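Asker: Input: one structure, supplied below.
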Amino acid sequence: MNFIPCFLWAALALSPIPALAAEKTPRELIAEVPERSGGIYYAYPHANDIMPEIPKGYQVAFISHYGRHGSRWIIKTWEYHESISGLDSAAQHNGLTPLGNDVLRRLRIIEAQARGNEGALSPKGEAQHRGIAERLLLRFPDFLNDSARIEAYSSTEPRCIMSMAAFCERMKELKPGLTIKRHASPGDMAFISWSNPEIKAVNKPGSPWWKDLENWRDSVLNPQRLIASLFTEPSGVANPTRLMWMLHDVAVDVQDVDPGVELLDIFTTDELYNLWQALNYKMYYLHGNNPATDAAGPRSARSLLDHIVADVDSAATGSRPHRAATLRFGHDTALLRLLALAKIEGAAEVVDNPEEYADHWQDFALTPMAANLQIILLTSCEGKEPLVHIRHNERPAVLPIKNAHRYFYPWAEVRSLWKE
């Protein structure tokens with residue numbers, strides 16, 4: 001494999017990181033971009049690339065990547081049908097307001113386009129992965145050159161396989177000489193996306209926490225204004241909270257499939273924030289460092305983190321000198337757990353009060369559609385210790401390790417942290 005000489009890295013490094021913007025609350029972030037209220041349905045929000053200057057004397061030696069599948073259609077298609085049915089029955093008796101009739105029209109357009117596509121990768125999801133692949137090649141053009149060899153693994157879910165295909169296809173378009181070996185085998189699910197027995201028991205329908213979630217959700221949601229805006233006789237709606245929930249589920253997926261109509265405009269910012277809080281509650285409870293589950297979710301990512309560590313180790317020691325990168329494609333749940341277990345800042349918080357989940361942990365920032373984690377191994381021409389630069393959604397990530405070079409950590413210390 002051809003490496004760029006160490007003395008050239010300082011000249012070729014990308015622009016330094018700009019000053020961080022003033023911190024905003026989750027409510028302010030949702031008011032700014034209502035699509036964030038979808039949590040894990042938030043479409044990948046890539047902006048300008050950020051890459052700190054690589055320390056002098058170092059060069060890229062290996063890249064390890066885990067990516068969530070890209071934007072997709074809703075998996076539970078009954079949400080379309082239940083939302084339409086809730087309004088259609090009233091429409092038969094002139095029971096909808098003008099807005100209600102218009103919302104019913106929009107729902108039918110969305111449902112028609114989604115028919116037969118439940119859970120499938122959308123064109124936008126494919127474009128997201130093509131973009132991430134292209135930026136990776138542009139970021140490290142001399143490392144990921146035509147002679148590079150890459151190994152790619154995917155979950156057996158079609159949307160993940162299609163994401164891998166889009167990513168690898170774009171790499172091959174830009175660098176035709178790349179050698180990419182692809183895998184999508186049931187045996188690989190033991191590290192791509194695994195759940196331990198403890199978290200399976202917690203997430204089992206009928207478990208006590210489901211009732212706690214429903215009670216908490218109902219305590220923060222107030223559907224009265226929304227229902228009154230859609231129905232001429234709001235009191236006749238049998239389960240207004242459930243209908244509000246279903247409408248929001250359909251509305252937030254619009255950003256992932258672009259059906260030509262919008263639906264988030266029927267909600268106020270307060271309603272969107274509270275709907276998101278309930279979604280975020282569920283994701284943190286199951287996949288964050290939640291004391292109530294003894295962090296069972298993150299512990300499910302042990303095999304995935306071990307797979308990454310072994311891969312980086314082999315590159316750092318030179319025992320596998322010919323592989324330039326390992327690419328993995330899976331799911332939001334596996335990535336959320338990995339981020340928490342790996343102690344990535346913003347993902348590893350320990351919160352024991354459900355009222356405070358939203359303040360300390362935001363799923364839309366952690367695993368939007370096509371979210372990713374990249375570990376860039378750097379070695380030295382001068383025999384210095386290997387470093388790693390970690391990128392979360394193509395931005396520098398922070399670990400609880402003091403380091404001499406900002407955003408670049410000694411691999412030995414990261415390895416020790418991750419093997420605890």
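Letters for chains follow the order of the structure tokens (A, B, ...), residue numbers begin at 1 for each chain, and ligand numbers begin at 1 in the order shown.
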Just list as a ChimeraX atom specification whatever in segment 159-300 of chain A DSSP marks as helix (DSSP H, G or I).

Answerer: /A:159-174,186-192,197-202,208-220,224-230,234-236,240-257,264-266,269-287,291-293,296-299

Asker: Do you have, as a Markdown table, the list of residues of segment 215-293 of chain A lying at most 10 Å from segment 335-338 of chain A, each with its nearest atom pair and that distance in Å to one decimal, counting only C-alpha atoms and ordered by chain then number?

Answerer:
```
| residue | atom | partner | partner_atom | distance |
| --- | --- | --- | --- | --- |
| A:Met283 | CA | A:Leu336 | CA | 8.6 |
| A:Tyr284 | CA | A:Leu336 | CA | 8.9 |
| A:Leu286 | CA | A:Arg337 | CA | 9.0 |
| A:His287 | CA | A:Arg337 | CA | 5.4 |
| A:Gly288 | CA | A:Arg337 | CA | 6.5 |
| A:Asn289 | CA | A:Arg337 | CA | 8.4 |
```

Asker: Output the selection as a compact mmCIF listing (two decimals), in the first residue's frame - C-alpha atoms for each residue.

Answerer:
```txt
# COMPACT_ATOMS: atom_id res chain seq x y z
CA MET A 283 -34.05 5.01 23.30
CA TYR A 284 -32.09 6.06 26.38
CA LEU A 286 -32.94 0.64 26.28
CA HIS A 287 -29.64 1.69 24.75
CA GLY A 288 -27.96 4.26 26.99
CA ASN A 289 -25.94 3.87 30.20
```

Asker: Give me, as a VMD selection string, all polymer residues having an atom no more than 9 Å from Arg159 of chain A, counting only C-alpha atoms and skipping those fewer than 4 positions away in the same chain.

Answerer: chain A and resid 69 to 72 119 to 122 125 155 163 to 164 330

Asker: With all heavy atoms retained, export the selected residues as a PDB file, in the first residue's frame.

Answerer:
```pdb
ATOM      1  N   HIS A  69     -27.642   2.146   8.710  1.00  0.00           N
ATOM      2  CA  HIS A  69     -28.266   2.237   7.392  1.00  0.00           C
ATOM      3  C   HIS A  69     -28.807   3.648   7.181  1.00  0.00           C
ATOM      4  O   HIS A  69     -29.064   4.394   8.129  1.00  0.00           O
ATOM      5  CB  HIS A  69     -29.395   1.219   7.246  1.00  0.00           C
ATOM      6  CG  HIS A  69     -30.493   1.395   8.250  1.00  0.00           C
ATOM      7  ND1 HIS A  69     -31.429   2.404   8.175  1.00  0.00           N
ATOM      8  CD2 HIS A  69     -30.782   0.700   9.381  1.00  0.00           C
ATOM      9  CE1 HIS A  69     -32.258   2.323   9.201  1.00  0.00           C
ATOM     10  NE2 HIS A  69     -31.882   1.304   9.958  1.00  0.00           N
ATOM     11  N   GLY A  70     -29.007   4.014   5.923  1.00  0.00           N
ATOM     12  CA  GLY A  70     -29.505   5.343   5.607  1.00  0.00           C
ATOM     13  C   GLY A  70     -31.009   5.467   5.792  1.00  0.00           C
ATOM     14  O   GLY A  70     -31.685   4.557   6.296  1.00  0.00           O
ATOM     15  N   SER A  71     -31.534   6.598   5.385  1.00  0.00           N
ATOM     16  CA  SER A  71     -32.965   6.888   5.531  1.00  0.00           C
ATOM     17  C   SER A  71     -33.814   5.768   4.930  1.00  0.00           C
ATOM     18  O   SER A  71     -33.483   5.211   3.879  1.00  0.00           O
ATOM     19  CB  SER A  71     -33.304   8.219   4.855  1.00  0.00           C
ATOM     20  OG  SER A  71     -32.807   9.302   5.604  1.00  0.00           O
ATOM     21  N   ARG A  72     -34.934   5.481   5.581  1.00  0.00           N
ATOM     22  CA  ARG A  72     -35.795   4.369   5.154  1.00  0.00           C
ATOM     23  C   ARG A  72     -37.252   4.730   5.338  1.00  0.00           C
ATOM     24  O   ARG A  72     -37.598   5.717   5.995  1.00  0.00           O
ATOM     25  CB  ARG A  72     -35.476   3.119   5.973  1.00  0.00           C
ATOM     26  CG  ARG A  72     -35.671   3.293   7.483  1.00  0.00           C
ATOM     27  CD  ARG A  72     -35.743   1.963   8.184  1.00  0.00           C
ATOM     28  NE  ARG A  72     -35.717   2.071   9.639  1.00  0.00           N
ATOM     29  CZ  ARG A  72     -36.739   2.413  10.405  1.00  0.00           C
ATOM     30  NH1 ARG A  72     -37.904   2.712   9.849  1.00  0.00           N
ATOM     31  NH2 ARG A  72     -36.631   2.469  11.723  1.00  0.00           N
ATOM     32  N   GLY A 119     -39.730  -0.496   5.701  1.00  0.00           N
ATOM     33  CA  GLY A 119     -38.390  -0.754   6.195  1.00  0.00           C
ATOM     34  C   GLY A 119     -37.295  -0.672   5.152  1.00  0.00           C
ATOM     35  O   GLY A 119     -36.114  -0.839   5.480  1.00  0.00           O
ATOM     36  N   ALA A 120     -37.620  -0.399   3.902  1.00  0.00           N
ATOM     37  CA  ALA A 120     -36.623  -0.413   2.829  1.00  0.00           C
ATOM     38  C   ALA A 120     -35.821   0.884   2.799  1.00  0.00           C
ATOM     39  O   ALA A 120     -36.315   1.954   3.166  1.00  0.00           O
ATOM     40  CB  ALA A 120     -37.302  -0.627   1.478  1.00  0.00           C
ATOM     41  N   LEU A 121     -34.582   0.777   2.350  1.00  0.00           N
ATOM     42  CA  LEU A 121     -33.751   1.962   2.155  1.00  0.00           C
ATOM     43  C   LEU A 121     -34.377   2.835   1.075  1.00  0.00           C
ATOM     44  O   LEU A 121     -34.800   2.350   0.026  1.00  0.00           O
ATOM     45  CB  LEU A 121     -32.345   1.543   1.732  1.00  0.00           C
ATOM     46  CG  LEU A 121     -31.282   2.651   1.714  1.00  0.00           C
ATOM     47  CD1 LEU A 121     -30.880   3.018   3.129  1.00  0.00           C
ATOM     48  CD2 LEU A 121     -30.064   2.217   0.910  1.00  0.00           C
ATOM     49  N   SER A 122     -34.449   4.129   1.334  1.00  0.00           N
ATOM     50  CA  SER A 122     -35.017   5.059   0.354  1.00  0.00           C
ATOM     51  C   SER A 122     -33.903   5.614  -0.531  1.00  0.00           C
ATOM     52  O   SER A 122     -32.715   5.488  -0.207  1.00  0.00           O
ATOM     53  CB  SER A 122     -35.724   6.216   1.073  1.00  0.00           C
ATOM     54  OG  SER A 122     -34.763   7.057   1.703  1.00  0.00           O
ATOM     55  N   GLY A 125     -31.606   7.603   1.467  1.00  0.00           N
ATOM     56  CA  GLY A 125     -30.684   6.797   2.271  1.00  0.00           C
ATOM     57  C   GLY A 125     -29.490   6.339   1.464  1.00  0.00           C
ATOM     58  O   GLY A 125     -28.352   6.308   1.954  1.00  0.00           O
ATOM     59  N   SER A 155     -25.148  -6.058   8.290  1.00  0.00           N
ATOM     60  CA  SER A 155     -26.280  -6.787   8.848  1.00  0.00           C
ATOM     61  C   SER A 155     -27.006  -7.482   7.706  1.00  0.00           C
ATOM     62  O   SER A 155     -26.936  -7.066   6.549  1.00  0.00           O
ATOM     63  CB  SER A 155     -27.224  -5.810   9.555  1.00  0.00           C
ATOM     64  OG  SER A 155     -28.522  -6.345   9.710  1.00  0.00           O
ATOM     65  N   SER A 163     -27.231  -0.216   1.925  1.00  0.00           N
ATOM     66  CA  SER A 163     -26.370   0.883   2.361  1.00  0.00           C
ATOM     67  C   SER A 163     -24.909   0.557   2.082  1.00  0.00           C
ATOM     68  O   SER A 163     -24.154   1.410   1.594  1.00  0.00           O
ATOM     69  CB  SER A 163     -26.581   1.145   3.861  1.00  0.00           C
ATOM     70  OG  SER A 163     -27.898   1.607   4.120  1.00  0.00           O
ATOM     71  N   MET A 164     -24.506  -0.678   2.409  1.00  0.00           N
ATOM     72  CA  MET A 164     -23.146  -1.117   2.102  1.00  0.00           C
ATOM     73  C   MET A 164     -22.878  -1.029   0.604  1.00  0.00           C
ATOM     74  O   MET A 164     -21.816  -0.561   0.171  1.00  0.00           O
ATOM     75  CB  MET A 164     -22.916  -2.545   2.598  1.00  0.00           C
ATOM     76  CG  MET A 164     -21.550  -3.122   2.243  1.00  0.00           C
ATOM     77  SD  MET A 164     -21.254  -4.782   2.921  1.00  0.00           S
ATOM     78  CE  MET A 164     -22.422  -5.762   1.944  1.00  0.00           C
ATOM     79  N   GLY A 330     -24.847  -1.417   9.942  1.00  0.00           N
ATOM     80  CA  GLY A 330     -25.832  -2.034  10.822  1.00  0.00           C
ATOM     81  C   GLY A 330     -26.959  -1.085  11.187  1.00  0.00           C
ATOM     82  O   GLY A 330     -27.502  -0.375  10.333  1.00  0.00           O
TER      83      GLY A 330
END
```

Asker: Find the residues around segment 177-185 of chain A up to 12 Å (only C-alpha atoms counted), leave out those fewer than 3 positions away in its own chain, and share them as a PyMOL selection string.

Answerer: chain A and resi 1+137+143-165+167-174+188-193+322-330

Asker: Distance atom CA of Ala251 of chain A-atom CA of Leu107 of chain A, one decimal place?

Answerer: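 Going from atom CA of Ala251 of chain A over to atom CA of Leu107 of chain A covers 8.9 Å.
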
Asker: Compare A:Ala90, A:Ala127, A:Ile40, A:Ala31 by their minimum atom-to-atom distance to Asp363 of chain A, counting only C-alpha atoms, and give me the closest one.

Answerer: A:Ile40

Asker: Counting only C-alpha atoms, which of A:Gln128, A:Glu82, A:Lys204, A:Glu420 gets nearest to Pro368 of chain A?

Answerer: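 Distance minimum relative to Pro368 of chain A lands on A:Gln128.
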
Asker: So which residues of segment 3-248 of chain A fall under strand (DSSP E) by DSSP, listed as JSON, numbers by chain?

Answerer: {"A": [58, 59, 60, 61, 62, 63, 64, 65, 66, 67, 68, 149, 150, 151, 152, 153, 154, 179, 180, 181, 182, 183]}

Asker: Just checking: using only C-alpha atoms, which residue out of A:Cys381, A:Ile109, A:Leu138, A:Val33 ends up closest to Leu272 of chain A?

Answerer: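 Counting only C-alpha atoms, the residue closest to Leu272 of chain A is A:Val33.
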
Asker: If you take only C-alpha atoms and a cut-off of 7 Å, which residues of segment 281-372 of chain A touch segment 386-400 of chain A, and what are their nearest atom pairs and distances in Å to one decimal, in chain and number order, as CSV?

Answerer:
```
residue,atom,partner,partner_atom,distance
A:Ala316,CA,A:Pro386,CA,6.8
A:Lys343,CA,A:Leu399,CA,6.3
A:Ile344,CA,A:Leu399,CA,5.4
A:Glu345,CA,A:Val398,CA,5.4
A:Ala371,CA,A:Asn393,CA,5.5
A:Asn372,CA,A:Asn393,CA,5.0
```

Asker: Take the residues just selected and output them with C-alpha atoms as a PDB file, in the first residue's frame.

Answerer:
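The resulting file, part_11.pdb, is shown below:
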```pdb
ATOM      1  CA  ALA A 316      -1.087  -0.978  14.697  1.00  0.00           C
ATOM      2  CA  LYS A 343     -17.500   6.437  26.168  1.00  0.00           C
ATOM      3  CA  ILE A 344     -17.963   8.889  23.312  1.00  0.00           C
ATOM      4  CA  GLU A 345     -18.841  12.306  24.739  1.00  0.00           C
ATOM      5  CA  ALA A 371     -25.027   7.938  11.508  1.00  0.00           C
ATOM      6  CA  ASN A 372     -21.481   6.648  11.733  1.00  0.00           C
TER       7      ASN A 372
END
```

Asker: Rounded to one decimal, what separation in Å do you get between atom CA of Val350 of chain A and atom CA of Leu366 of chain A?

Answerer: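 Separation between atom CA of Val350 of chain A and atom CA of Leu366 of chain A: 15.2 Å.
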
Asker: Of the candidates A:Leu230, A:Ile376, A:Leu247, A:Met369, which shows the shortest atom-to-atom distance to Pro45 of chain A, using only C-alpha atoms?

Answerer: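 Selected residue with least distance to Pro45 of chain A: A:Met369.
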
Asker: Considering only C-alpha atoms, state which residue in the set A:Gly39, A:Gly100, A:Pro34, A:Pro26 is at the smallest distance from Glu233 of chain A.

Answerer: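 Comparing A:Gly39, A:Gly100, A:Pro34, A:Pro26 against Glu233 of chain A, the winner is A:Gly100.
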
Asker: May I have the residues within 12 Å of Leu378 of chain A as a PDB file with N, CA and C atoms, in the first residue's frame, using only C-alpha atoms and disregarding those fewer than 6 positions away in the same chain?

Answerer:
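Just written: around-v2.pdb:
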```pdb
ATOM      1  N   PHE A   3       1.863   4.947   0.989  1.00  0.00           N
ATOM      2  CA  PHE A   3       1.588   5.944   2.012  1.00  0.00           C
ATOM      3  C   PHE A   3       2.175   7.277   1.584  1.00  0.00           C
ATOM      4  N   CYS A   6       5.519  11.328   5.534  1.00  0.00           N
ATOM      5  CA  CYS A   6       5.088  12.010   6.757  1.00  0.00           C
ATOM      6  C   CYS A   6       5.266  13.518   6.677  1.00  0.00           C
ATOM      7  N   TRP A   9       2.258  15.740   5.512  1.00  0.00           N
ATOM      8  CA  TRP A   9       0.930  15.770   6.149  1.00  0.00           C
ATOM      9  C   TRP A   9       0.532  17.166   6.622  1.00  0.00           C
ATOM     10  N   ILE A  54      -3.533  16.959  11.287  1.00  0.00           N
ATOM     11  CA  ILE A  54      -2.892  15.727  11.758  1.00  0.00           C
ATOM     12  C   ILE A  54      -1.540  16.072  12.387  1.00  0.00           C
ATOM     13  N   PRO A  55      -1.220  15.509  13.558  1.00  0.00           N
ATOM     14  CA  PRO A  55       0.063  15.810  14.208  1.00  0.00           C
ATOM     15  C   PRO A  55       1.247  15.543  13.291  1.00  0.00           C
ATOM     16  N   LYS A  56       2.236  16.390  13.410  1.00  0.00           N
ATOM     17  CA  LYS A  56       3.432  16.293  12.575  1.00  0.00           C
ATOM     18  C   LYS A  56       4.115  14.940  12.774  1.00  0.00           C
ATOM     19  N   GLY A  57       4.507  14.333  11.665  1.00  0.00           N
ATOM     20  CA  GLY A  57       5.229  13.064  11.722  1.00  0.00           C
ATOM     21  C   GLY A  57       4.347  11.837  11.675  1.00  0.00           C
ATOM     22  N   TYR A  58       3.014  12.021  11.555  1.00  0.00           N
ATOM     23  CA  TYR A  58       2.094  10.891  11.540  1.00  0.00           C
ATOM     24  C   TYR A  58       1.418  10.749  10.168  1.00  0.00           C
ATOM     25  N   GLN A  59       1.013   9.536   9.879  1.00  0.00           N
ATOM     26  CA  GLN A  59       0.275   9.251   8.651  1.00  0.00           C
ATOM     27  C   GLN A  59      -0.841   8.251   8.954  1.00  0.00           C
ATOM     28  N   VAL A  60      -1.890   8.268   8.141  1.00  0.00           N
ATOM     29  CA  VAL A  60      -3.001   7.336   8.313  1.00  0.00           C
ATOM     30  C   VAL A  60      -2.527   5.924   7.982  1.00  0.00           C
ATOM     31  N   ALA A  61      -2.877   4.978   8.862  1.00  0.00           N
ATOM     32  CA  ALA A  61      -2.480   3.588   8.654  1.00  0.00           C
ATOM     33  C   ALA A  61      -3.670   2.642   8.540  1.00  0.00           C
ATOM     34  N   PHE A  62      -4.848   3.053   9.038  1.00  0.00           N
ATOM     35  CA  PHE A  62      -5.998   2.156   9.006  1.00  0.00           C
ATOM     36  C   PHE A  62      -7.251   2.952   9.347  1.00  0.00           C
ATOM     37  N   ILE A  63      -8.393   2.538   8.798  1.00  0.00           N
ATOM     38  CA  ILE A  63      -9.681   3.176   9.077  1.00  0.00           C
ATOM     39  C   ILE A  63     -10.692   2.101   9.430  1.00  0.00           C
ATOM     40  N   SER A  64     -11.368   2.280  10.564  1.00  0.00           N
ATOM     41  CA  SER A  64     -12.433   1.370  10.990  1.00  0.00           C
ATOM     42  C   SER A  64     -13.739   2.159  11.044  1.00  0.00           C
ATOM     43  N   PHE A 140      -9.006  11.458   2.775  1.00  0.00           N
ATOM     44  CA  PHE A 140      -7.735  10.721   2.828  1.00  0.00           C
ATOM     45  C   PHE A 140      -7.399  10.153   1.446  1.00  0.00           C
ATOM     46  N   PHE A 143      -4.243   7.839   1.040  1.00  0.00           N
ATOM     47  CA  PHE A 143      -4.276   6.566   1.763  1.00  0.00           C
ATOM     48  C   PHE A 143      -5.237   5.598   1.080  1.00  0.00           C
ATOM     49  N   VAL A 312      -8.074  -2.726  14.800  1.00  0.00           N
ATOM     50  CA  VAL A 312      -7.108  -1.631  14.915  1.00  0.00           C
ATOM     51  C   VAL A 312      -5.785  -2.153  15.453  1.00  0.00           C
ATOM     52  N   ASP A 313      -5.846  -3.081  16.399  1.00  0.00           N
ATOM     53  CA  ASP A 313      -4.629  -3.695  16.941  1.00  0.00           C
ATOM     54  C   ASP A 313      -3.786  -4.332  15.840  1.00  0.00           C
ATOM     55  N   ALA A 315      -3.671  -3.663  12.747  1.00  0.00           N
ATOM     56  CA  ALA A 315      -3.052  -2.650  11.894  1.00  0.00           C
ATOM     57  C   ALA A 315      -1.920  -1.934  12.623  1.00  0.00           C
ATOM     58  N   ALA A 316      -2.111  -1.688  13.929  1.00  0.00           N
ATOM     59  CA  ALA A 316      -1.087  -0.978  14.697  1.00  0.00           C
ATOM     60  C   ALA A 316       0.184  -1.795  14.857  1.00  0.00           C
ATOM     61  N   THR A 317       0.026  -3.113  14.946  1.00  0.00           N
ATOM     62  CA  THR A 317       1.192  -3.992  15.130  1.00  0.00           C
ATOM     63  C   THR A 317       1.757  -4.486  13.810  1.00  0.00           C
ATOM     64  N   ALA A 324      -6.625  -1.701   4.277  1.00  0.00           N
ATOM     65  CA  ALA A 324      -6.673  -0.262   4.535  1.00  0.00           C
ATOM     66  C   ALA A 324      -7.833   0.116   5.450  1.00  0.00           C
ATOM     67  N   LYS A 384       7.102   6.865  16.954  1.00  0.00           N
ATOM     68  CA  LYS A 384       6.286   7.327  18.076  1.00  0.00           C
ATOM     69  C   LYS A 384       5.084   6.408  18.251  1.00  0.00           C
ATOM     70  N   GLU A 385       4.439   6.488  19.426  1.00  0.00           N
ATOM     71  CA  GLU A 385       3.301   5.611  19.693  1.00  0.00           C
ATOM     72  C   GLU A 385       2.152   5.914  18.740  1.00  0.00           C
ATOM     73  N   PRO A 386       1.398   4.878  18.319  1.00  0.00           N
ATOM     74  CA  PRO A 386       0.255   5.099  17.427  1.00  0.00           C
ATOM     75  C   PRO A 386      -0.810   5.978  18.088  1.00  0.00           C
ATOM     76  N   LEU A 387      -1.464   6.775  17.287  1.00  0.00           N
ATOM     77  CA  LEU A 387      -2.566   7.612  17.751  1.00  0.00           C
ATOM     78  C   LEU A 387      -3.842   7.202  17.021  1.00  0.00           C
ATOM     79  N   VAL A 388      -4.997   7.549  17.611  1.00  0.00           N
ATOM     80  CA  VAL A 388      -6.266   7.388  16.912  1.00  0.00           C
ATOM     81  C   VAL A 388      -7.032   8.700  16.943  1.00  0.00           C
ATOM     82  N   HIS A 389      -7.658   8.979  15.835  1.00  0.00           N
ATOM     83  CA  HIS A 389      -8.582  10.108  15.719  1.00  0.00           C
ATOM     84  C   HIS A 389      -9.965   9.512  15.503  1.00  0.00           C
ATOM     85  N   ILE A 390     -10.913   9.869  16.367  1.00  0.00           N
ATOM     86  CA  ILE A 390     -12.250   9.259  16.330  1.00  0.00           C
ATOM     87  C   ILE A 390     -13.250  10.287  15.827  1.00  0.00           C
ATOM     88  N   PHE A 408      -6.647  13.727  19.060  1.00  0.00           N
ATOM     89  CA  PHE A 408      -5.821  12.590  18.684  1.00  0.00           C
ATOM     90  C   PHE A 408      -5.339  11.925  19.976  1.00  0.00           C
ATOM     91  N   TYR A 409      -5.682  10.655  20.165  1.00  0.00           N
ATOM     92  CA  TYR A 409      -5.431   9.959  21.424  1.00  0.00           C
ATOM     93  C   TYR A 409      -4.437   8.813  21.236  1.00  0.00           C
ATOM     94  N   PRO A 410      -3.572   8.563  22.223  1.00  0.00           N
ATOM     95  CA  PRO A 410      -2.687   7.398  22.151  1.00  0.00           C
ATOM     96  C   PRO A 410      -3.518   6.121  22.064  1.00  0.00           C
ATOM     97  N   TRP A 411      -3.260   5.295  21.058  1.00  0.00           N
ATOM     98  CA  TRP A 411      -4.045   4.088  20.876  1.00  0.00           C
ATOM     99  C   TRP A 411      -3.976   3.188  22.109  1.00  0.00           C
TER     100      TRP A 411
END
```

Asker: In Å to one decimal, how far is atom CA of Glu111 of chain A from atom CA of Leu87 of chain A?

Answerer: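 Between atom CA of Leu87 of chain A and atom CA of Glu111 of chain A the gap works out to 13.8 Å.
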
Asker: Would you please work out which residue, of A:Val261, A:Val250, A:Leu136, A:Ile30, is nearest to Asp102 of chain A when using only C-alpha atoms?

Answerer: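 Smallest separation from Asp102 of chain A among the options: A:Val261.
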